[in-house]
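Here is the file start_38.pdb (PDB, C-alpha atoms, pLDDT in the B column).
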```pdb
ATOM      1  CA  MET G  81       4.315 -14.995  62.292  1.00 45.00           C
ATOM      2  CA  ASP G  82       3.437 -13.662  58.844  1.00 55.00           C
ATOM      3  CA  MET G  83       1.701 -10.385  59.620  1.00 57.00           C
ATOM      4  CA  GLN G  84       0.587  -9.816  56.027  1.00 67.00           C
ATOM      5  CA  ASN G  85      -0.952 -13.263  55.890  1.00 80.00           C
ATOM      6  CA  ASP G  86      -2.769 -12.596  59.184  1.00 80.00           C
ATOM      7  CA  PHE G  87      -4.057  -9.303  57.818  1.00 86.00           C
ATOM      8  CA  ASP G  88      -5.319 -11.066  54.674  1.00 86.00           C
ATOM      9  CA  ARG G  89      -7.074 -13.682  56.801  1.00 84.00           C
ATOM     10  CA  ILE G  90      -8.752 -11.027  58.924  1.00 88.00           C
ATOM     11  CA  LEU G  91      -9.967  -9.233  55.801  1.00 90.00           C
ATOM     12  CA  PHE G  92     -11.238 -12.460  54.254  1.00 89.00           C
ATOM     13  CA  PHE G  93     -13.116 -13.703  57.318  1.00 89.00           C
ATOM     14  CA  GLU G  94     -14.496 -10.265  58.120  1.00 93.00           C
ATOM     15  CA  HIS G  95     -15.855 -10.164  54.567  1.00 92.00           C
ATOM     16  CA  ALA G  96     -17.216 -13.683  55.090  1.00 91.00           C
ATOM     17  CA  ARG G  97     -18.920 -12.607  58.313  1.00 94.00           C
ATOM     18  CA  LYS G  98     -20.582  -9.596  56.673  1.00 96.00           C
ATOM     19  CA  THR G  99     -21.677 -11.655  53.675  1.00 95.00           C
ATOM     20  CA  SER G 100     -23.218 -14.280  55.961  1.00 95.00           C
ATOM     21  CA  GLU G 101     -25.014 -11.591  57.945  1.00 96.00           C
ATOM     22  CA  ALA G 102     -26.502 -10.170  54.736  1.00 96.00           C
ATOM     23  CA  THR G 103     -27.476 -13.637  53.508  1.00 96.00           C
ATOM     24  CA  TYR G 104     -29.125 -14.418  56.856  1.00 97.00           C
ATOM     25  CA  ALA G 105     -31.314 -11.321  56.534  1.00 97.00           C
ATOM     26  CA  LYS G 106     -32.660 -12.730  53.254  1.00 96.00           C
ATOM     27  CA  ASP G 107     -32.822 -16.391  54.298  1.00 97.00           C
ATOM     28  CA  PRO G 108     -32.567 -17.173  58.026  1.00 96.00           C
ATOM     29  CA  LEU G 109     -33.122 -20.894  57.384  1.00 97.00           C
ATOM     30  CA  ASP G 110     -29.931 -21.428  55.359  1.00 96.00           C
ATOM     31  CA  ALA G 111     -27.952 -23.909  57.482  1.00 95.00           C
ATOM     32  CA  ASP G 112     -24.942 -23.691  55.141  1.00 94.00           C
ATOM     33  CA  ASN G 113     -24.773 -19.952  55.625  1.00 95.00           C
ATOM     34  CA  LEU G 114     -25.145 -20.171  59.404  1.00 96.00           C
ATOM     35  CA  THR G 115     -22.316 -22.720  59.539  1.00 94.00           C
ATOM     36  CA  ARG G 116     -20.050 -20.476  57.467  1.00 93.00           C
ATOM     37  CA  TRP G 117     -20.978 -17.517  59.680  1.00 95.00           C
ATOM     38  CA  GLY G 118     -20.078 -19.441  62.829  1.00 94.00           C
ATOM     39  CA  GLY G 119     -16.804 -20.609  61.270  1.00 91.00           C
ATOM     40  CA  ALA G 120     -15.865 -17.050  60.289  1.00 92.00           C
ATOM     41  CA  LEU G 121     -16.497 -15.844  63.842  1.00 94.00           C
ATOM     42  CA  LEU G 122     -14.260 -18.611  65.242  1.00 90.00           C
ATOM     43  CA  GLU G 123     -11.475 -17.549  62.885  1.00 88.00           C
ATOM     44  CA  LEU G 124     -11.815 -13.861  63.766  1.00 91.00           C
ATOM     45  CA  ALA G 125     -11.857 -14.693  67.486  1.00 89.00           C
ATOM     46  CA  GLN G 126      -8.198 -15.724  67.455  1.00 84.00           C
ATOM     47  CA  PHE G 127      -7.160 -12.150  66.627  1.00 86.00           C
ATOM     48  CA  GLN G 128      -8.987 -10.586  69.604  1.00 86.00           C
ATOM     49  CA  ASN G 129      -8.004 -10.118  73.227  1.00 86.00           C
ATOM     50  CA  VAL G 130      -9.336 -12.781  75.590  1.00 86.00           C
ATOM     51  CA  PRO G 131     -12.655 -11.119  76.663  1.00 89.00           C
ATOM     52  CA  ASP G 132     -13.555 -10.166  73.074  1.00 91.00           C
ATOM     53  CA  SER G 133     -12.426 -13.555  71.812  1.00 89.00           C
ATOM     54  CA  LYS G 134     -14.695 -15.391  74.265  1.00 91.00           C
ATOM     55  CA  LYS G 135     -17.618 -13.167  73.307  1.00 94.00           C
ATOM     56  CA  MET G 136     -17.034 -13.835  69.600  1.00 94.00           C
ATOM     57  CA  ILE G 137     -16.729 -17.609  70.168  1.00 93.00           C
ATOM     58  CA  LEU G 138     -20.046 -17.661  72.054  1.00 95.00           C
ATOM     59  CA  ASP G 139     -21.630 -15.703  69.220  1.00 97.00           C
ATOM     60  CA  GLY G 140     -20.247 -18.291  66.795  1.00 96.00           C
ATOM     61  CA  ILE G 141     -21.691 -21.129  68.897  1.00 96.00           C
ATOM     62  CA  THR G 142     -25.107 -19.440  68.768  1.00 97.00           C
ATOM     63  CA  LYS G 143     -24.993 -19.317  64.947  1.00 97.00           C
ATOM     64  CA  LEU G 144     -23.854 -22.941  64.719  1.00 96.00           C
ATOM     65  CA  GLU G 145     -26.546 -24.154  67.116  1.00 97.00           C
ATOM     66  CA  GLU G 146     -29.099 -22.289  65.021  1.00 97.00           C
ATOM     67  CA  ALA G 147     -27.841 -24.202  61.978  1.00 97.00           C
ATOM     68  CA  LEU G 148     -28.316 -27.496  63.862  1.00 97.00           C
ATOM     69  CA  LEU G 149     -31.928 -26.589  64.666  1.00 97.00           C
ATOM     70  CA  ILE G 150     -32.471 -26.515  60.901  1.00 97.00           C
ATOM     71  CA  ASP G 151     -30.350 -29.582  60.135  1.00 96.00           C
ATOM     72  CA  PRO G 152     -29.498 -31.600  63.296  1.00 95.00           C
ATOM     73  CA  LYS G 153     -27.224 -34.072  61.500  1.00 93.00           C
ATOM     74  CA  ARG G 154     -24.869 -31.597  59.787  1.00 95.00           C
ATOM     75  CA  HIS G 155     -21.481 -33.112  60.606  1.00 94.00           C
ATOM     76  CA  ASP G 156     -19.454 -30.026  59.637  1.00 92.00           C
ATOM     77  CA  THR G 157     -21.582 -27.877  61.953  1.00 94.00           C
ATOM     78  CA  LEU G 158     -21.237 -30.373  64.814  1.00 95.00           C
ATOM     79  CA  TRP G 159     -17.492 -30.417  64.281  1.00 92.00           C
ATOM     80  CA  CYS G 160     -17.264 -26.596  64.236  1.00 91.00           C
ATOM     81  CA  ILE G 161     -19.180 -26.419  67.523  1.00 94.00           C
ATOM     82  CA  GLY G 162     -16.691 -28.881  69.001  1.00 93.00           C
ATOM     83  CA  ASN G 163     -13.858 -26.569  67.992  1.00 90.00           C
ATOM     84  CA  ALA G 164     -15.671 -23.562  69.421  1.00 92.00           C
ATOM     85  CA  HIS G 165     -16.122 -25.250  72.814  1.00 93.00           C
ATOM     86  CA  THR G 166     -12.465 -26.340  72.774  1.00 90.00           C
ATOM     87  CA  SER G 167     -11.248 -22.810  72.086  1.00 88.00           C
ATOM     88  CA  PHE G 168     -13.529 -21.333  74.749  1.00 91.00           C
ATOM     89  CA  ALA G 169     -12.324 -23.875  77.310  1.00 90.00           C
ATOM     90  CA  PHE G 170      -8.682 -22.900  76.791  1.00 87.00           C
ATOM     91  CA  LEU G 171      -9.584 -19.260  77.441  1.00 88.00           C
ATOM     92  CA  THR G 172     -11.298 -20.225  80.728  1.00 89.00           C
ATOM     93  CA  PRO G 173      -8.758 -20.332  83.616  1.00 88.00           C
ATOM     94  CA  ASP G 174     -10.917 -22.411  85.987  1.00 90.00           C
ATOM     95  CA  LEU G 175     -10.304 -26.074  85.069  1.00 90.00           C
ATOM     96  CA  ASP G 176     -13.672 -27.316  86.382  1.00 92.00           C
ATOM     97  CA  GLU G 177     -15.502 -24.772  84.242  1.00 93.00           C
ATOM     98  CA  ALA G 178     -13.233 -25.493  81.284  1.00 92.00           C
ATOM     99  CA  LYS G 179     -13.889 -29.228  81.595  1.00 93.00           C
ATOM    100  CA  GLU G 180     -17.585 -28.605  80.929  1.00 95.00           C
ATOM    101  CA  TYR G 181     -16.666 -27.068  77.573  1.00 94.00           C
ATOM    102  CA  PHE G 182     -14.171 -29.839  76.805  1.00 93.00           C
ATOM    103  CA  GLU G 183     -16.928 -32.382  77.473  1.00 95.00           C
ATOM    104  CA  LYS G 184     -19.316 -30.520  75.166  1.00 95.00           C
ATOM    105  CA  ALA G 185     -16.582 -30.463  72.524  1.00 94.00           C
ATOM    106  CA  THR G 186     -16.037 -34.223  72.818  1.00 95.00           C
ATOM    107  CA  VAL G 187     -19.767 -34.920  72.475  1.00 96.00           C
ATOM    108  CA  ASN G 188     -19.958 -32.829  69.299  1.00 96.00           C
ATOM    109  CA  PHE G 189     -16.825 -34.424  67.833  1.00 94.00           C
ATOM    110  CA  LEU G 190     -18.312 -37.864  68.535  1.00 96.00           C
ATOM    111  CA  LEU G 191     -21.560 -36.891  66.807  1.00 96.00           C
ATOM    112  CA  ALA G 192     -19.614 -35.545  63.827  1.00 95.00           C
ATOM    113  CA  VAL G 193     -17.665 -38.823  63.558  1.00 96.00           C
ATOM    114  CA  GLU G 194     -20.906 -40.811  63.777  1.00 96.00           C
ATOM    115  CA  GLU G 195     -22.341 -38.835  60.856  1.00 96.00           C
ATOM    116  CA  ASP G 196     -19.148 -39.061  58.785  1.00 94.00           C
ATOM    117  CA  PRO G 197     -17.026 -41.985  60.116  1.00 95.00           C
ATOM    118  CA  ASP G 198     -14.381 -41.803  57.385  1.00 93.00           C
ATOM    119  CA  ASN G 199     -13.533 -38.155  57.962  1.00 91.00           C
ATOM    120  CA  GLU G 200      -9.937 -38.034  59.194  1.00 87.00           C
ATOM    121  CA  LEU G 201     -10.312 -34.427  60.359  1.00 86.00           C
ATOM    122  CA  TYR G 202     -13.144 -35.329  62.721  1.00 88.00           C
ATOM    123  CA  ARG G 203     -11.341 -38.383  64.088  1.00 89.00           C
ATOM    124  CA  LYS G 204      -8.170 -36.354  64.688  1.00 85.00           C
ATOM    125  CA  SER G 205     -10.156 -33.677  66.522  1.00 86.00           C
ATOM    126  CA  LEU G 206     -11.737 -36.320  68.740  1.00 88.00           C
ATOM    127  CA  GLU G 207      -8.304 -37.765  69.500  1.00 86.00           C
ATOM    128  CA  LEU G 208      -6.863 -34.347  70.408  1.00 84.00           C
ATOM    129  CA  ALA G 209      -9.880 -33.572  72.611  1.00 85.00           C
ATOM    130  CA  SER G 210      -8.737 -36.277  75.052  1.00 85.00           C
ATOM    131  CA  LYS G 211      -5.437 -34.394  75.556  1.00 83.00           C
ATOM    132  CA  ALA G 212      -7.055 -31.001  76.033  1.00 84.00           C
ATOM    133  CA  PRO G 213      -7.608 -30.949  79.842  1.00 86.00           C
ATOM    134  CA  GLU G 214      -3.974 -31.885  80.489  1.00 83.00           C
ATOM    135  CA  LEU G 215      -2.810 -29.154  78.147  1.00 81.00           C
ATOM    136  CA  HIS G 216      -5.168 -26.642  79.790  1.00 82.00           C
ATOM    137  CA  THR G 217      -3.531 -27.340  83.164  1.00 83.00           C
ATOM    138  CA  GLU G 218      -0.038 -26.785  81.731  1.00 79.00           C
ATOM    139  CA  ILE G 219      -0.955 -23.553  79.960  1.00 76.00           C
ATOM    140  CA  HIS G 220      -2.571 -21.980  82.997  1.00 78.00           C
ATOM    141  CA  LYS G 221       0.183 -23.245  85.308  1.00 77.00           C
ATOM    142  CA  HIS G 222       2.556 -21.057  83.297  1.00 68.00           C
ATOM    143  CA  GLY G 223       0.376 -17.970  83.489  1.00 65.00           C
ATOM    144  CA  GLY G 224      -2.378 -18.836  81.043  1.00 57.00           C
ATOM    145  CA  LEU G 225      -3.018 -17.062  77.777  1.00 56.00           C
ATOM    146  CA  GLY G 226      -3.120 -13.606  79.359  1.00 47.00           C
ATOM    147  CA  GLN G 227      -4.386 -11.021  76.908  1.00 37.00           C
ATOM    148  CA  GLN G 228      -3.077 -12.917  73.915  1.00 40.00           C
ATOM    149  CA  ALA G 229      -5.277 -14.150  71.125  1.00 40.00           C
ATOM    150  CA  VAL G 230      -6.514 -17.721  70.964  1.00 42.00           C
ATOM    151  CA  GLY G 231      -3.784 -18.879  68.624  1.00 40.00           C
ATOM    152  CA  ALA G 232      -0.904 -17.073  70.331  1.00 35.00           C
ATOM    153  CA  ALA G 233       1.915 -18.804  72.168  1.00 31.00           C
ATOM    154  CA  PRO G 234       1.921 -18.878  75.984  1.00 30.00           C
ATOM    155  CA  ALA G 235       4.258 -16.513  77.783  1.00 30.00           C
ATOM    156  CA  SER G 236       7.737 -17.898  78.289  1.00 29.00           C
ATOM    157  CA  GLY G 237       8.754 -19.001  81.745  1.00 32.00           C
ATOM    158  CA  PRO G 238      11.638 -17.702  83.932  1.00 33.00           C
ATOM    159  CA  SER G 239      15.010 -17.591  82.238  1.00 34.00           C
ATOM    160  CA  THR G 240      16.443 -19.651  85.089  1.00 34.00           C
ATOM    161  CA  SER G 241      14.554 -22.774  83.980  1.00 37.00           C
ATOM    162  CA  SER G 242      16.666 -25.908  83.893  1.00 39.00           C
ATOM    163  CA  SER G 243      17.180 -27.763  80.615  1.00 42.00           C
ATOM    164  CA  THR G 244      14.705 -30.401  81.821  1.00 44.00           C
ATOM    165  CA  LYS G 245      12.016 -27.798  82.444  1.00 45.00           C
ATOM    166  CA  THR G 246      12.803 -26.159  79.122  1.00 47.00           C
ATOM    167  CA  SER G 247      12.416 -29.494  77.361  1.00 52.00           C
ATOM    168  CA  LYS G 248       9.103 -30.153  79.103  1.00 50.00           C
ATOM    169  CA  LYS G 249       7.921 -26.645  78.271  1.00 50.00           C
ATOM    170  CA  LYS G 250       8.812 -27.225  74.630  1.00 52.00           C
ATOM    171  CA  LYS G 251       6.813 -30.443  74.675  1.00 53.00           C
ATOM    172  CA  ASP G 252       3.836 -28.628  76.213  1.00 48.00           C
ATOM    173  CA  SER G 253       4.184 -25.864  73.659  1.00 50.00           C
ATOM    174  CA  ASP G 254       4.354 -28.351  70.807  1.00 55.00           C
ATOM    175  CA  LEU G 255       1.166 -30.008  72.050  1.00 50.00           C
ATOM    176  CA  LYS G 256      -0.490 -26.611  72.355  1.00 50.00           C
ATOM    177  CA  TYR G 257       0.370 -25.744  68.784  1.00 48.00           C
ATOM    178  CA  GLU G 258      -0.772 -29.186  67.654  1.00 52.00           C
ATOM    179  CA  ILE G 259      -4.226 -28.607  69.117  1.00 52.00           C
ATOM    180  CA  PHE G 260      -4.638 -24.888  68.439  1.00 53.00           C
ATOM    181  CA  GLY G 261      -3.005 -25.191  65.045  1.00 53.00           C
ATOM    182  CA  TRP G 262      -5.336 -28.013  64.091  1.00 49.00           C
ATOM    183  CA  VAL G 263      -8.447 -26.240  65.370  1.00 53.00           C
ATOM    184  CA  ILE G 264      -7.748 -22.898  63.699  1.00 50.00           C
ATOM    185  CA  LEU G 265      -6.387 -24.277  60.435  1.00 48.00           C
ATOM    186  CA  ALA G 266      -9.166 -26.791  60.055  1.00 50.00           C
ATOM    187  CA  VAL G 267     -11.958 -24.299  60.788  1.00 54.00           C
ATOM    188  CA  GLY G 268     -10.376 -21.950  58.261  1.00 52.00           C
ATOM    189  CA  ILE G 269     -10.248 -24.649  55.601  1.00 50.00           C
ATOM    190  CA  VAL G 270     -13.885 -25.629  56.138  1.00 50.00           C
ATOM    191  CA  THR G 271     -15.011 -21.993  56.049  1.00 50.00           C
ATOM    192  CA  TRP G 272     -12.965 -21.285  52.924  1.00 49.00           C
ATOM    193  CA  ILE G 273     -14.384 -24.332  51.136  1.00 49.00           C
ATOM    194  CA  GLY G 274     -17.897 -23.328  52.152  1.00 51.00           C
ATOM    195  CA  PHE G 275     -17.517 -19.876  50.671  1.00 50.00           C
ATOM    196  CA  ALA G 276     -15.835 -21.224  47.558  1.00 50.00           C
ATOM    197  CA  LYS G 277     -18.918 -23.369  47.001  1.00 50.00           C
ATOM    198  CA  SER G 278     -21.095 -20.282  47.414  1.00 52.00           C
ATOM    199  CA  GLN G 279     -19.038 -18.655  44.630  1.00 44.00           C
ATOM    200  CA  MET G 280     -17.303 -16.028  46.694  1.00 46.00           C
ATOM    201  CA  PRO G 281     -14.041 -14.526  45.408  1.00 47.00           C
ATOM    202  CA  PRO G 282     -11.006 -16.819  46.050  1.00 47.00           C
ATOM    203  CA  ALA G 283      -9.219 -16.529  49.369  1.00 49.00           C
ATOM    204  CA  PRO G 284      -5.947 -14.557  49.555  1.00 51.00           C
ATOM    205  CA  THR G 285      -2.931 -16.665  48.604  1.00 48.00           C
ATOM    206  CA  GLN G 286      -0.133 -14.403  49.893  1.00 47.00           C
ATOM    207  CA  ARG G 287       2.371 -16.138  52.139  1.00 43.00           C
TER     208      ARG G 287
END
```

Rewrite the structure of this file - the entire thing - as structure tokens.
Amino acid sequence: MDMQNDFDRILFFEHARKTSEATYAKDPLDADNLTRWGGALLELAQFQNVPDSKKMILDGITKLEEALLIDPKRHDTLWCIGNAHTSFAFLTPDLDEAKEYFEKATVNFLLAVEEDPDNELYRKSLELASKAPELHTEIHKHGGLGQQAVGAAPASGPSTSSSTKTSKKKKDSDLKYEIFGWVILAVGIVTWIGFAKSQMPPAPTQR
């Protein structure tokens, strides 16, 4: 993992969060700003431990829901809420409880697709949402996410695993990265674009 790149992302989204907070104080009815604020919180959540991450995701959901009260048909906001519920579900060990968040995520992805049917990002998110419960079971079967951040890899299994188990674990891991990678990357892109439109300084480009 590129530590410098992670540090740059944290700095950028922390700046985005503070800017959104200041903007909200001046104009609490700016749905664009609330959506960017929620997106920034989702990005920052991946760098926290599990309890802090869950708290930050819920805070992000609150901001996004506030944006929807102002503009109920905002497809980017609906999509961000879907990602927030997905991320929260993966951090919730109890599958029955997690399923409630997966269902909320699916509903929001569906609404986003209805508002913008040609958006490949939304359709891909909806497709991945159907795989999420199965992936949740696999992750928590192997010890869950522990105290790792949202985007971190699950702990490796016993070294005595057979090649078959190793292959299956790799497949599970690949699916995990497909979903988490898509969620985090996509939220970051949307947030970055939003702030670019609001004429913020360009995002860090270091790799």

If we count only C-alpha atoms, what is near Leu158 in chain G at a cut-off of 10 Å, once residues fewer than 2 positions away on the same chain are taken out, given as a PDB file with C-alpha atoms, keeping the file's coordinate frame?
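And here's selection_17.pdb as it stands now:
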```pdb
ATOM      1  CA  THR G 115     -22.316 -22.720  59.539  1.00 94.00           C
ATOM      2  CA  LEU G 144     -23.854 -22.941  64.719  1.00 96.00           C
ATOM      3  CA  GLU G 145     -26.546 -24.154  67.116  1.00 97.00           C
ATOM      4  CA  ALA G 147     -27.841 -24.202  61.978  1.00 97.00           C
ATOM      5  CA  LEU G 148     -28.316 -27.496  63.862  1.00 97.00           C
ATOM      6  CA  PRO G 152     -29.498 -31.600  63.296  1.00 95.00           C
ATOM      7  CA  LYS G 153     -27.224 -34.072  61.500  1.00 93.00           C
ATOM      8  CA  ARG G 154     -24.869 -31.597  59.787  1.00 95.00           C
ATOM      9  CA  HIS G 155     -21.481 -33.112  60.606  1.00 94.00           C
ATOM     10  CA  ASP G 156     -19.454 -30.026  59.637  1.00 92.00           C
ATOM     11  CA  CYS G 160     -17.264 -26.596  64.236  1.00 91.00           C
ATOM     12  CA  ILE G 161     -19.180 -26.419  67.523  1.00 94.00           C
ATOM     13  CA  GLY G 162     -16.691 -28.881  69.001  1.00 93.00           C
ATOM     14  CA  ASN G 163     -13.858 -26.569  67.992  1.00 90.00           C
ATOM     15  CA  ALA G 164     -15.671 -23.562  69.421  1.00 92.00           C
ATOM     16  CA  ALA G 185     -16.582 -30.463  72.524  1.00 94.00           C
ATOM     17  CA  VAL G 187     -19.767 -34.920  72.475  1.00 96.00           C
ATOM     18  CA  ASN G 188     -19.958 -32.829  69.299  1.00 96.00           C
ATOM     19  CA  PHE G 189     -16.825 -34.424  67.833  1.00 94.00           C
ATOM     20  CA  LEU G 190     -18.312 -37.864  68.535  1.00 96.00           C
ATOM     21  CA  LEU G 191     -21.560 -36.891  66.807  1.00 96.00           C
ATOM     22  CA  ALA G 192     -19.614 -35.545  63.827  1.00 95.00           C
ATOM     23  CA  VAL G 193     -17.665 -38.823  63.558  1.00 96.00           C
ATOM     24  CA  GLU G 195     -22.341 -38.835  60.856  1.00 96.00           C
ATOM     25  CA  TYR G 202     -13.144 -35.329  62.721  1.00 88.00           C
TER      26      TYR G 202
END
```

- Message: Show me the residues close to (-10.0, -32.6, 74.3) - anything with an atom within 8 Å, counting only C-alpha atoms - and format the list as a PyMOL selection string.
- Response: chain G and resi 166+182-183+185-186+205-213

- Would you work out the distance separating CA of Pro173 in chain G from CA of Asn129 in chain G, expressed in Å to one decimal? 14.6 Å

- Apply the PyMOL selection byres ((chain G and resi 121) around 8) to the displayed file and report the matching residues as a PyMOL selection string. chain G and resi 93+97+117-120+122-125+136-137+139-140

- Task: Considering only C-alpha atoms, state which residue in the set G:Glu177, G:Glu218, G:Asp110, G:Asp196 is at the smallest distance from Lys143 in chain G.
- Result: G:Asp110

- Message: Considering only C-alpha atoms, can you say which of G:Leu149, G:Arg203, G:Thr217, G:Lys134 comes closest to Leu175 in chain G?
- Response: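 Distance minimum relative to Leu175 in chain G lands on G:Thr217.
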
- From the list G:Asn85, G:Leu114, G:Glu214, G:Ile90, which residue is nearest Ile150 in chain G when using only C-alpha atoms?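 Closest residue, counting only C-alpha atoms: G:Leu114.
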
- Give me the residues within 8 Å of Glu180 in chain G as an MDAnalysis selection string, counting all atoms listed in the file and dropping any in the same chain fewer than 4 places off. chainID G and resid 169 176 184

- Message: Just to confirm, what's the straight-line distance from CA of Val130 in chain G to CA of Tyr181 in chain G in Å (one decimal)?
- Response: 16.2 Å

- CA of Pro108 in chain G to CA of Phe92 in chain G: how many Å, to one decimal?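 CA of Phe92 in chain G lies at a distance of 22.2 Å from CA of Pro108 in chain G.
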
- Which is closest to Arg89 in chain G among G:Ala111, G:Gln126, G:Arg116, G:Lys179, if we use all atoms listed in the file?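 The closest residue to Arg89 in chain G is G:Gln126.
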
What box, with edges along x, y and z, holds each listed atom of range 197-210 of chain G when 5 Å is added on every side, and can you state its centre and edge lengths in Å to one decimal, as AutoDock Vina command-line options?
```
--center_x -11.9 --center_y -37.8 --center_z 66.2 --size_x 20.2 --size_y 18.4 --size_z 27.7
```
